[in-house]
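**Q** Below is upload_37.csv; it holds CSV, C-alpha atoms.
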```
chain,number,residue,atom,x,y,z
A,120,VAL,CA,-70.3,53.5,125.4
A,121,ASP,CA,-71.8,55.3,128.4
A,122,ASN,CA,-69.4,56.5,131.1
A,123,LEU,CA,-66.8,53.7,131.2
A,124,GLU,CA,-65.1,53.5,134.6
A,125,PRO,CA,-61.4,54.5,134.5
A,126,GLN,CA,-60.4,51.4,136.4
A,127,ILE,CA,-59.4,48.4,134.3
A,128,MET,CA,-59.2,44.8,135.6
A,129,GLU,CA,-56.6,42.6,134.0
A,130,GLU,CA,-56.8,38.8,133.8
A,131,THR,CA,-53.8,37.0,132.4
A,132,SER,CA,-54.1,33.6,130.8
A,133,LEU,CA,-51.0,31.5,130.1
A,134,SER,CA,-52.6,29.9,127.1
A,135,VAL,CA,-54.0,33.0,125.4
A,136,GLY,CA,-51.7,35.7,126.6
A,137,LEU,CA,-53.3,38.9,127.8
A,138,GLU,CA,-56.9,39.4,128.7
A,139,GLN,CA,-58.4,42.6,129.9
A,140,THR,CA,-61.9,42.9,131.3
A,141,ILE,CA,-63.5,46.3,131.5
A,142,PRO,CA,-66.5,46.1,133.9
A,143,SER,CA,-69.6,48.1,132.9
A,144,SER,CA,-70.7,51.0,134.9
A,145,PRO,CA,-74.2,51.1,136.5
A,146,GLY,CA,-76.9,51.9,134.0
A,147,SER,CA,-74.7,51.1,131.0
A,148,HIS,CA,-76.1,49.1,128.1
A,149,ILE,CA,-72.8,47.1,127.9
A,150,ASN,CA,-72.2,44.4,130.5
A,151,SER,CA,-68.5,44.1,130.0
A,152,VAL,CA,-65.7,44.4,127.4
A,153,THR,CA,-63.0,41.7,127.2
A,154,VAL,CA,-59.9,42.3,125.1
A,155,ARG,CA,-57.5,39.4,124.4
A,156,GLY,CA,-54.1,39.5,122.8
A,157,ASN,CA,-50.7,37.9,123.1
A,158,GLY,CA,-48.5,38.8,126.0
A,159,LYS,CA,-45.7,40.1,123.7
A,160,GLY,CA,-47.9,42.6,122.0
A,161,GLY,CA,-49.4,43.8,125.2
A,162,ARG,CA,-46.0,44.2,126.8
A,163,ALA,CA,-44.8,46.3,123.8
A,164,ALA,CA,-47.9,48.5,124.0
A,165,ARG,CA,-47.3,49.1,127.7
A,166,ASP,CA,-43.6,49.9,127.0
A,167,ASP,CA,-44.6,52.5,124.4
A,168,GLU,CA,-47.0,54.1,126.7
A,169,GLN,CA,-44.4,54.3,129.5
A,170,ARG,CA,-41.6,55.6,127.3
A,171,PRO,CA,-40.7,59.2,128.5
A,172,LEU,CA,-41.8,62.0,126.3
A,173,LEU,CA,-38.3,63.5,126.2
A,174,SER,CA,-36.8,60.4,124.6
A,175,GLN,CA,-39.5,60.4,122.0
A,176,LYS,CA,-38.8,64.1,121.2
A,177,ILE,CA,-35.1,63.3,121.0
A,178,ALA,CA,-35.8,60.4,118.5
A,179,GLU,CA,-38.0,62.7,116.4
A,180,ARG,CA,-35.3,65.4,116.4
A,181,GLU,CA,-32.6,62.9,115.3
A,182,ARG,CA,-34.8,61.8,112.4
A,183,ALA,CA,-35.4,65.4,111.5
A,184,ASN,CA,-31.7,66.3,111.6
A,185,LYS,CA,-30.7,63.4,109.4
A,186,GLY,CA,-28.7,64.9,106.4
A,187,LYS,CA,-28.4,68.3,108.0
A,188,LEU,CA,-25.2,70.2,108.5
A,189,SER,CA,-23.0,70.3,111.6
A,190,MET,CA,-21.6,73.5,113.1
A,191,ILE,CA,-18.3,73.3,111.3
A,192,LEU,CA,-19.6,72.5,107.9
A,193,GLY,CA,-22.7,74.6,108.1
A,194,VAL,CA,-21.5,77.7,110.0
A,195,THR,CA,-17.8,78.0,110.6
A,196,LEU,CA,-16.4,77.2,107.1
A,197,PRO,CA,-19.0,79.3,105.2
A,198,CYS,CA,-18.4,82.2,107.5
A,199,CYS,CA,-14.6,82.0,107.2
A,200,LEU,CA,-14.8,81.9,103.4
A,201,SER,CA,-17.4,84.7,103.3
A,202,ILE,CA,-15.2,86.9,105.6
A,203,PHE,CA,-12.1,86.4,103.6
A,204,SER,CA,-13.5,87.1,100.1
A,205,VAL,CA,-11.1,88.9,97.7
A,206,VAL,CA,-9.6,91.2,100.4
A,207,LEU,CA,-7.5,88.3,101.7
A,208,PHE,CA,-5.3,88.0,98.6
A,209,LEU,CA,-5.7,91.3,96.7
A,210,ARG,CA,-6.1,94.1,99.2
A,211,LEU,CA,-3.7,93.3,102.1
A,212,GLY,CA,-0.9,95.4,100.5
A,213,PHE,CA,-3.3,98.3,99.9
A,214,VAL,CA,-4.3,98.4,103.5
A,215,LEU,CA,-0.9,98.0,105.0
A,216,GLY,CA,0.9,100.3,102.5
A,217,GLN,CA,-1.6,103.1,103.0
A,218,SER,CA,-2.2,102.9,106.8
A,219,GLY,CA,1.0,101.4,108.1
A,220,TYR,CA,1.2,98.6,110.5
A,221,LEU,CA,-0.1,100.3,113.6
A,222,GLN,CA,-3.2,101.8,112.0
A,223,THR,CA,-3.8,98.6,110.1
A,224,ILE,CA,-4.0,96.6,113.4
A,225,LEU,CA,-6.3,99.4,114.7
A,226,ILE,CA,-8.5,99.1,111.6
A,227,VAL,CA,-8.8,95.3,112.0
A,228,VAL,CA,-9.5,95.5,115.7
A,229,LEU,CA,-12.2,98.2,115.1
A,230,GLY,CA,-13.8,96.2,112.3
A,231,TYR,CA,-14.0,93.0,114.3
A,232,PHE,CA,-15.3,95.0,117.3
A,233,VAL,CA,-18.3,96.1,115.2
A,234,VAL,CA,-18.7,92.6,113.8
A,235,ILE,CA,-18.6,91.0,117.2
A,236,LEU,CA,-21.3,93.2,118.5
A,237,THR,CA,-23.5,92.0,115.6
A,238,VAL,CA,-22.6,88.4,116.3
A,239,LEU,CA,-23.6,88.8,120.0
A,240,SER,CA,-26.9,90.2,118.9
A,241,ILE,CA,-27.5,87.2,116.6
A,242,SER,CA,-26.4,84.9,119.4
A,243,ALA,CA,-28.9,86.4,121.8
A,244,ILE,CA,-31.8,86.0,119.3
A,245,SER,CA,-30.8,82.5,118.2
A,246,THR,CA,-30.5,81.2,121.8
A,247,SER,CA,-33.6,82.7,123.1
A,248,ALA,CA,-35.9,80.2,121.5
A,249,THR,CA,-36.0,77.5,118.8
A,250,VAL,CA,-34.6,78.8,115.5
A,251,GLU,CA,-36.6,77.7,112.4
A,252,GLY,CA,-35.9,77.9,108.7
A,253,GLY,CA,-35.7,81.3,107.1
A,254,GLY,CA,-32.2,82.4,108.2
A,255,VAL,CA,-31.7,86.0,109.0
A,256,TYR,CA,-35.3,86.9,107.9
A,257,PHE,CA,-36.6,84.7,110.7
A,258,LEU,CA,-34.2,86.2,113.3
A,259,ILE,CA,-35.0,89.8,112.2
A,260,SER,CA,-38.8,89.2,112.2
A,261,ARG,CA,-38.6,87.7,115.6
A,262,ALA,CA,-36.6,90.6,117.1
A,263,LEU,CA,-38.4,93.5,115.3
A,264,GLY,CA,-41.8,92.1,114.3
A,265,PRO,CA,-43.0,91.1,110.9
A,266,GLU,CA,-43.4,94.6,109.6
A,267,PHE,CA,-39.9,95.9,110.3
A,268,GLY,CA,-38.5,92.4,109.8
A,269,GLY,CA,-39.9,92.2,106.3
A,270,SER,CA,-38.6,95.7,105.4
A,271,VAL,CA,-35.1,95.0,106.7
A,272,GLY,CA,-35.1,91.5,105.2
A,273,LEU,CA,-35.9,93.0,101.8
A,274,ILE,CA,-32.9,95.3,102.0
A,275,PHE,CA,-30.7,92.5,103.2
A,276,PHE,CA,-31.8,90.4,100.2
A,277,VAL,CA,-30.9,93.2,97.8
A,278,ALA,CA,-27.5,93.6,99.6
A,279,ASN,CA,-26.8,89.9,99.1
A,280,VAL,CA,-27.6,90.2,95.4
A,281,PHE,CA,-25.1,93.0,94.9
A,282,ALA,CA,-22.5,91.2,97.2
A,283,SER,CA,-22.7,88.1,95.1
A,284,ALA,CA,-22.3,90.1,91.9
A,285,SER,CA,-19.3,92.0,93.2
A,286,ASN,CA,-17.5,88.7,94.1
A,287,ILE,CA,-18.3,87.3,90.7
A,288,ILE,CA,-16.8,90.4,89.1
A,289,ALA,CA,-13.7,90.0,91.3
A,290,PHE,CA,-13.5,86.3,90.2
A,291,VAL,CA,-13.7,87.3,86.5
A,292,GLU,CA,-11.0,90.0,86.9
A,293,ALA,CA,-8.7,87.5,88.6
A,294,VAL,CA,-9.2,85.1,85.7
A,295,GLY,CA,-8.3,87.9,83.2
A,296,SER,CA,-5.2,89.1,85.1
A,297,ASN,CA,-3.8,85.6,85.7
A,298,VAL,CA,-4.8,83.4,82.7
A,299,GLY,CA,-6.1,85.9,80.2
A,300,LYS,CA,-3.9,87.1,77.3
A,301,GLY,CA,-0.7,88.5,78.8
A,302,GLY,CA,-1.7,87.2,82.3
A,303,SER,CA,0.8,87.0,85.1
A,304,LEU,CA,0.9,83.2,85.1
A,305,LEU,CA,1.5,82.9,81.4
A,306,LYS,CA,5.0,82.9,80.0
A,307,CYS,CA,3.9,84.1,76.5
A,308,GLU,CA,3.6,87.8,75.8
A,309,GLY,CA,-0.1,88.3,74.8
A,310,SER,CA,-0.1,85.4,72.3
A,311,CYS,CA,-1.9,82.9,74.4
A,312,GLY,CA,-4.4,82.8,77.2
A,313,LEU,CA,-8.2,83.3,77.5
A,314,PRO,CA,-9.7,86.1,75.5
A,315,VAL,CA,-10.5,89.2,77.6
A,316,SER,CA,-13.1,91.8,76.6
A,317,PHE,CA,-16.4,93.1,78.0
A,318,TRP,CA,-18.5,90.4,76.5
A,319,TYR,CA,-16.1,87.6,77.3
A,320,ASN,CA,-16.0,88.8,80.9
A,321,PHE,CA,-19.8,88.8,80.8
A,322,LEU,CA,-19.8,85.2,79.5
A,323,TYR,CA,-17.3,84.1,82.3
A,324,GLY,CA,-19.4,85.8,85.0
A,325,THR,CA,-22.6,84.2,83.7
A,326,ALA,CA,-21.0,80.7,83.8
A,327,VAL,CA,-19.9,81.3,87.4
A,328,LEU,CA,-23.3,82.6,88.4
A,329,ILE,CA,-25.0,79.5,86.9
A,330,PHE,CA,-22.6,77.3,88.8
A,331,CYS,CA,-23.4,79.0,92.1
A,332,LEU,CA,-27.1,78.7,91.3
A,333,VAL,CA,-26.9,75.0,90.7
A,334,VAL,CA,-25.0,74.5,94.0
A,335,CYS,CA,-27.7,76.3,95.9
A,336,LEU,CA,-30.6,74.6,94.2
A,337,VAL,CA,-29.2,71.0,94.7
A,338,GLY,CA,-29.3,71.5,98.5
A,339,ALA,CA,-27.3,71.6,101.7
A,340,GLY,CA,-25.3,68.4,101.0
A,341,LEU,CA,-23.7,69.7,97.8
A,342,PHE,CA,-23.2,73.1,99.5
A,343,ALA,CA,-21.3,71.6,102.4
A,344,LYS,CA,-19.1,69.5,100.1
A,345,THR,CA,-18.3,72.4,97.9
A,346,THR,CA,-17.6,74.7,100.8
A,347,PHE,CA,-15.3,72.1,102.4
A,348,ILE,CA,-13.3,71.7,99.1
A,349,ILE,CA,-13.0,75.5,98.6
A,350,PHE,CA,-12.0,76.0,102.2
A,351,CYS,CA,-9.2,73.4,101.8
A,352,ALA,CA,-8.0,75.2,98.7
A,353,VAL,CA,-7.9,78.5,100.5
A,354,MET,CA,-6.0,77.0,103.5
A,355,VAL,CA,-3.4,75.4,101.2
A,356,SER,CA,-2.9,78.8,99.5
A,357,LEU,CA,-2.5,80.5,102.8
A,358,ALA,CA,-0.1,77.9,104.0
A,359,SER,CA,2.1,78.3,100.9
A,360,ALA,CA,2.1,82.1,101.4
A,361,MET,CA,3.2,81.8,105.0
A,362,PHE,CA,5.8,79.2,104.1
A,363,SER,CA,7.2,81.6,101.4
A,364,PHE,CA,7.5,84.4,103.8
A,365,GLY,CA,9.8,82.3,105.9
A,366,PHE,CA,12.1,81.0,103.2
A,367,LYS,CA,11.9,83.5,100.3
A,368,ASP,CA,15.2,85.3,99.9
A,369,GLU,CA,15.5,89.0,99.0
A,370,THR,CA,14.3,89.7,95.4
A,371,VAL,CA,12.6,92.3,93.2
A,372,VAL,CA,9.0,92.3,92.0
A,373,PRO,CA,7.8,94.0,88.7
A,374,VAL,CA,5.2,96.7,88.5
A,375,PRO,CA,1.9,95.3,87.1
A,376,LYS,CA,0.8,96.5,83.7
A,377,GLU,CA,-2.4,98.1,85.0
A,378,ASN,CA,-0.4,100.3,87.3
A,379,THR,CA,0.1,103.7,85.5
A,380,PHE,CA,1.0,105.6,88.7
A,381,ILE,CA,4.7,104.7,88.3
A,382,SER,CA,6.8,103.5,85.4
A,383,ASN,CA,6.4,99.8,84.6
A,384,ALA,CA,10.2,99.5,84.4
A,385,THR,CA,10.4,100.1,88.1
A,386,LEU,CA,11.4,97.1,90.2
A,387,LEU,CA,9.9,96.8,93.7
A,388,ASN,CA,12.0,95.4,96.6
A,389,TYR,CA,11.1,92.4,98.7
A,390,THR,CA,13.6,92.6,101.5
A,391,SER,CA,12.8,89.3,103.3
A,392,TRP,CA,12.9,89.6,107.1
A,393,SER,CA,14.2,93.0,108.1
A,394,TRP,CA,13.8,95.1,111.2
A,395,ASN,CA,14.4,98.3,109.2
A,396,THR,CA,11.6,97.3,106.8
A,397,PHE,CA,9.3,96.9,109.7
A,398,GLN,CA,10.2,100.3,111.2
A,399,ARG,CA,9.5,102.0,107.8
A,400,ASN,CA,6.1,100.3,107.6
A,401,LEU,CA,4.9,101.4,111.1
A,402,GLY,CA,3.6,104.8,110.1
A,403,THR,CA,1.0,105.9,107.6
A,404,HIS,CA,1.6,106.9,104.0
A,405,TYR,CA,-1.7,107.9,102.5
A,406,THR,CA,-1.5,108.4,98.8
A,407,GLU,CA,-3.3,107.6,95.5
A,408,ASP,CA,-4.6,104.1,94.8
A,409,TYR,CA,-3.1,103.0,91.4
A,410,THR,CA,-6.5,101.4,90.6
A,411,ASN,CA,-8.3,104.6,91.3
A,412,LEU,CA,-6.0,107.5,90.3
A,413,GLY,CA,-7.0,111.0,91.3
A,414,THR,CA,-8.2,110.1,94.8
A,415,VAL,CA,-5.9,110.3,97.9
A,416,MET,CA,-6.8,107.7,100.4
A,417,THR,CA,-7.8,108.4,104.0
A,418,PHE,CA,-8.3,106.4,107.2
A,419,GLN,CA,-12.0,106.2,106.4
A,420,SER,CA,-11.6,105.0,102.9
A,421,VAL,CA,-9.0,102.3,103.9
A,422,PHE,CA,-11.3,101.2,106.7
A,423,ALA,CA,-14.2,100.9,104.2
A,424,ILE,CA,-12.1,98.6,102.1
A,425,MET,CA,-10.8,96.5,105.0
A,426,PHE,CA,-14.2,96.3,106.6
A,427,ASN,CA,-15.4,94.2,103.6
A,428,GLY,CA,-12.9,91.6,104.8
A,429,CYS,CA,-14.5,91.5,108.2
A,430,ILE,CA,-18.1,91.0,107.4
A,431,GLY,CA,-19.7,87.8,106.0
A,432,ILE,CA,-20.8,86.5,109.4
A,433,MET,CA,-24.4,85.9,108.1
A,434,ALA,CA,-23.3,82.9,106.0
A,435,GLY,CA,-24.1,80.4,108.7
A,436,ALA,CA,-27.3,82.1,109.9
A,437,ASN,CA,-28.6,82.3,106.4
A,438,ILE,CA,-29.0,78.5,106.2
A,439,SER,CA,-30.5,78.0,109.7
A,440,GLY,CA,-33.1,75.6,108.2
A,441,ASP,CA,-30.3,73.2,107.1
A,442,LEU,CA,-28.5,73.1,110.5
A,443,LYS,CA,-28.8,70.3,113.0
A,444,ASN,CA,-28.9,72.5,116.0
A,445,PRO,CA,-29.0,76.2,114.9
A,446,SER,CA,-29.5,77.6,118.4
A,447,VAL,CA,-26.0,76.3,119.3
A,448,ALA,CA,-24.3,76.2,115.9
A,449,ILE,CA,-25.0,79.8,114.9
A,450,PRO,CA,-23.4,81.6,117.9
A,451,GLN,CA,-20.5,79.2,118.5
A,452,GLY,CA,-19.7,78.6,114.8
A,453,THR,CA,-19.8,82.3,113.9
A,454,LEU,CA,-17.6,83.3,116.9
A,455,LEU,CA,-15.1,80.6,116.0
A,456,ALA,CA,-15.0,81.8,112.4
A,457,CYS,CA,-14.3,85.4,113.6
A,458,GLY,CA,-11.4,84.2,115.8
A,459,ILE,CA,-9.9,82.1,113.0
A,460,THR,CA,-10.0,84.9,110.4
A,461,PHE,CA,-8.7,87.6,112.9
A,462,ILE,CA,-5.6,85.4,113.7
A,463,ILE,CA,-4.9,84.8,110.0
A,464,TYR,CA,-5.2,88.5,109.1
A,465,ALA,CA,-2.9,89.5,112.0
A,466,ILE,CA,-0.3,86.9,110.9
A,467,LEU,CA,-0.3,88.0,107.2
A,468,PHE,CA,-0.1,91.7,108.1
A,469,THR,CA,2.8,91.1,110.5
A,470,PHE,CA,4.7,89.0,108.0
A,471,SER,CA,4.2,91.5,105.2
A,472,ALA,CA,5.3,94.4,107.4
A,473,PHE,CA,8.6,92.7,108.2
A,474,THR,CA,9.4,91.6,104.6
A,475,CYS,CA,7.8,93.9,102.0
A,476,SER,CA,9.0,97.5,101.2
A,477,ARG,CA,6.4,100.2,101.3
A,478,GLU,CA,6.8,100.7,97.5
A,479,LEU,CA,6.0,97.0,96.9
A,480,LEU,CA,2.9,97.2,99.1
A,481,LEU,CA,1.6,100.3,97.4
A,482,ASN,CA,2.3,99.4,93.8
A,483,ASN,CA,1.6,95.7,93.4
A,484,TYR,CA,-1.4,94.4,95.3
A,485,ASN,CA,-0.8,90.9,94.0
A,486,TYR,CA,2.6,90.7,95.7
A,487,LEU,CA,1.7,87.4,97.4
A,488,GLN,CA,1.8,85.7,94.1
A,489,TYR,CA,5.2,87.0,93.1
A,490,ILE,CA,7.0,86.1,96.3
A,491,ASN,CA,5.3,82.7,96.6
A,492,ALA,CA,7.3,79.6,96.0
A,493,LEU,CA,4.3,78.2,94.0
A,494,PRO,CA,2.7,81.3,92.3
A,495,PRO,CA,-0.3,79.3,91.0
A,496,MET,CA,-1.4,78.5,94.6
A,497,ILE,CA,-2.2,82.2,95.2
A,498,THR,CA,-4.3,82.2,92.0
A,499,VAL,CA,-6.2,79.1,93.2
A,500,GLY,CA,-6.8,80.9,96.5
A,501,VAL,CA,-8.2,84.0,94.8
A,502,PHE,CA,-10.5,81.9,92.7
A,503,ALA,CA,-11.6,79.8,95.7
A,504,ALA,CA,-12.2,82.8,98.0
A,505,THR,CA,-14.2,84.9,95.5
A,506,LEU,CA,-16.2,81.8,94.3
A,507,SER,CA,-17.2,80.8,97.8
A,508,ALA,CA,-18.2,84.3,98.8
A,509,ALA,CA,-20.3,84.6,95.6
```
Any chance you could give the structure as structure tokens?
**A**
Amino acid sequence: VDNLEPQIMEETSLSVGLEQTIPSSPGSHINSVTVRGNGKGGRAARDDEQRPLLSQKIAERERANKGKLSMILGVTLPCCLSIFSVVLFLRLGFVLGQSGYLQTILIVVLGYFVVILTVLSISAISTSATVEGGGVYFLISRALGPEFGGSVGLIFFVANVFASASNIIAFVEAVGSNVGKGGSLLKCEGSCGLPVSFWYNFLYGTAVLIFCLVVCLVGAGLFAKTTFIIFCAVMVSLASAMFSFGFKDETVVPVPKENTFISNATLLNYTSWSWNTFQRNLGTHYTEDYTNLGTVMTFQSVFAIMFNGCIGIMAGANISGDLKNPSVAIPQGTLLACGITFIIYAILFTFSAFTCSRELLLNNYNYLQYINALPPMITVGVFAATLSAA
């Protein structure tokens, strides 16, 4: 058709519906074009044409976000669990006993200061433009370019592999110390419980790794459900520990079998709430770690251990492709997770400083289980924290 005029003449017929006549331009081979259709269809067509582009984009985004994760399920909960890891239940006594209460608070504040700087950098990148799939790799490549981004991303991938392996090892060790032969939760003396040896531990670790792989392969839906269940288990364990601090009377706690630094016949004091206990726990007392004899701890070494309980902020950014609104969820959800975990750490350190003697903190890192009204709850918390971090 040669050079149709942009103007369109419409003639409406009650019997037919809609009739459009397009007059021909001078010199055209076509005299006119008439299009007839029912009034309802024509009206719908005009409505579609007049619909604002923004509303169409919103509808498309809603369809694309169907089945994806919200800020809480996709960012806050995974970050909280990744930050806690095994440090939450098995290294609080080590940090507090070695550094004292004042330096412990300083270590936690310093660790979270470093973490917050990283979170702010992630927030700046994620809010500057639309965040696509690819997680941290996408953010790094956008900030540094594909060359540096690929190099740093490769290192980050290797770090995640080793981090997952270390958390699985912690899970297996918790299994052996709690429900293995002679475990702390078993009443029998070495006659019952799961077998513990190098190859049995390798088998348990392989089974846990396969479970983690299946959860990741199935997709975001199963990941969110698993994370929520594990988070609930950790919160119940923490609630039982805080409840026990408030109502547990003065008692003694045995020295664990793996502690060869002092005699296993020694009994460690849990003093309950005492101002004198808090005063004795204020200062530092750097000494050997009974799990690593021969090395005297320092501020740097204790900070290195505690800092592992502050990181884990990438758990939400790593699944940016599965989030409904990653540009909002990543910064807000990660900052919320940092605030929640910092408060919980501060409460646990304060409660422990007021109730646990220095000897107990230094010689039994699993003291939360022994002073708990329901000891198995701490074991559940250890399993849940290490499994989720892995």
**Q** Mind checking which residues fall within 12 Å of Ser296 (chain A), counting only C-alpha atoms, ignoring those fewer than 4 positions away in the same chain, and posting them as a PyMOL selection string?
**A** chain A and resi 209+289-292+300-305+309+312-316+320+375-377+485+488+498+501-502
**Q** Find the residues near Thr410 (chain A): any atom within 10 Å, counting all atoms listed in the file, skip ones fewer than 6 places away on the same chain, and give them as a PyMOL selection string.
**A** chain A and resi 377-380+482+484
**Q** Please, could you write that set of residues out with C-alpha atoms as a PDB file, in the frame of the given file?
**A**
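again-v9.pdb, written as the output of this step:
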```pdb
ATOM      1  CA  GLU A 377      -2.400  98.100  85.000  1.00  0.00           C
ATOM      2  CA  ASN A 378      -0.400 100.300  87.300  1.00  0.00           C
ATOM      3  CA  THR A 379       0.100 103.700  85.500  1.00  0.00           C
ATOM      4  CA  PHE A 380       1.000 105.600  88.700  1.00  0.00           C
ATOM      5  CA  ASN A 482       2.300  99.400  93.800  1.00  0.00           C
ATOM      6  CA  TYR A 484      -1.400  94.400  95.300  1.00  0.00           C
TER       7      TYR A 484
END
```
**Q** Near Asn491 (chain A), within 7 Å and counting all atoms listed in the file, which residues show up once chain neighbours fewer than 4 positions away are dropped, as a list in words?
**A**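 Contacts, with the query itself left out: Ser359, Ala360, Ser363 and Leu487 of chain A.
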**Q** Per residue of region 248-304 of chain A within 9 Å of region 445-465 of chain A, which atom pair is closest and at what distance in Å (one decimal), using only C-alpha atoms, listed by chain and increasing number, as a Markdown table?
**A**
```
| residue | atom | partner | partner_atom | distance |
| --- | --- | --- | --- | --- |
| A:Ala248 | CA | A:Ser446 | CA | 7.6 |
| A:Thr249 | CA | A:Ser446 | CA | 6.5 |
| A:Val250 | CA | A:Ser446 | CA | 6.0 |
| A:Glu251 | CA | A:Pro445 | CA | 8.1 |
```
**Q** Using Å and a single decimal, report how far CA of Leu387 (chain A) sits from CA of Val372 (chain A).
**A** 4.9 Å
**Q** Between CA of Leu188 (chain A) and CA of Ile430 (chain A), what distance in Å does the model show, to one decimal?
**A**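 CA of Ile430 (chain A) lies at a distance of 22.0 Å from CA of Leu188 (chain A).
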**Q** Work out how far apart CA of Trp392 (chain A) and CA of Ile226 (chain A) are and give it in Å to one decimal.
**A**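 So the two atoms, CA of Trp392 (chain A) and CA of Ile226 (chain A), lie 23.8 Å apart.
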**Q** Can you work out which one of A:Ala343, A:Leu207, A:Ile259, A:Leu386 has the shortest atom-to-atom distance to Phe275 (chain A), counting only C-alpha atoms?
**A**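 Nearest candidate to Phe275 (chain A) out of A:Ala343, A:Leu207, A:Ile259, A:Leu386: A:Ile259.
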**Q** I'd like to know which of A:Asn400, A:Thr346, A:Ser382, A:Thr505 is closest to Ile191 (chain A), using all atoms listed in the file.
**A**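 The shortest atom-to-atom distance to Ile191 (chain A) comes from A:Thr346.
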**Q** Restricting the calculation to all atoms listed in the file, which member of A:Ile466, A:Ile224, A:Ala434, A:Val374 is positioned closest to Cys198 (chain A)?
**A**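 For Cys198 (chain A), the nearest of the candidates is A:Ala434.
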**Q** A:Leu442, A:Met425, A:Ala436, A:Val327: which is nearest Val214 (chain A), counting all atoms listed in the file?
**A**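 So, comparing all the options, the nearest one is A:Met425.
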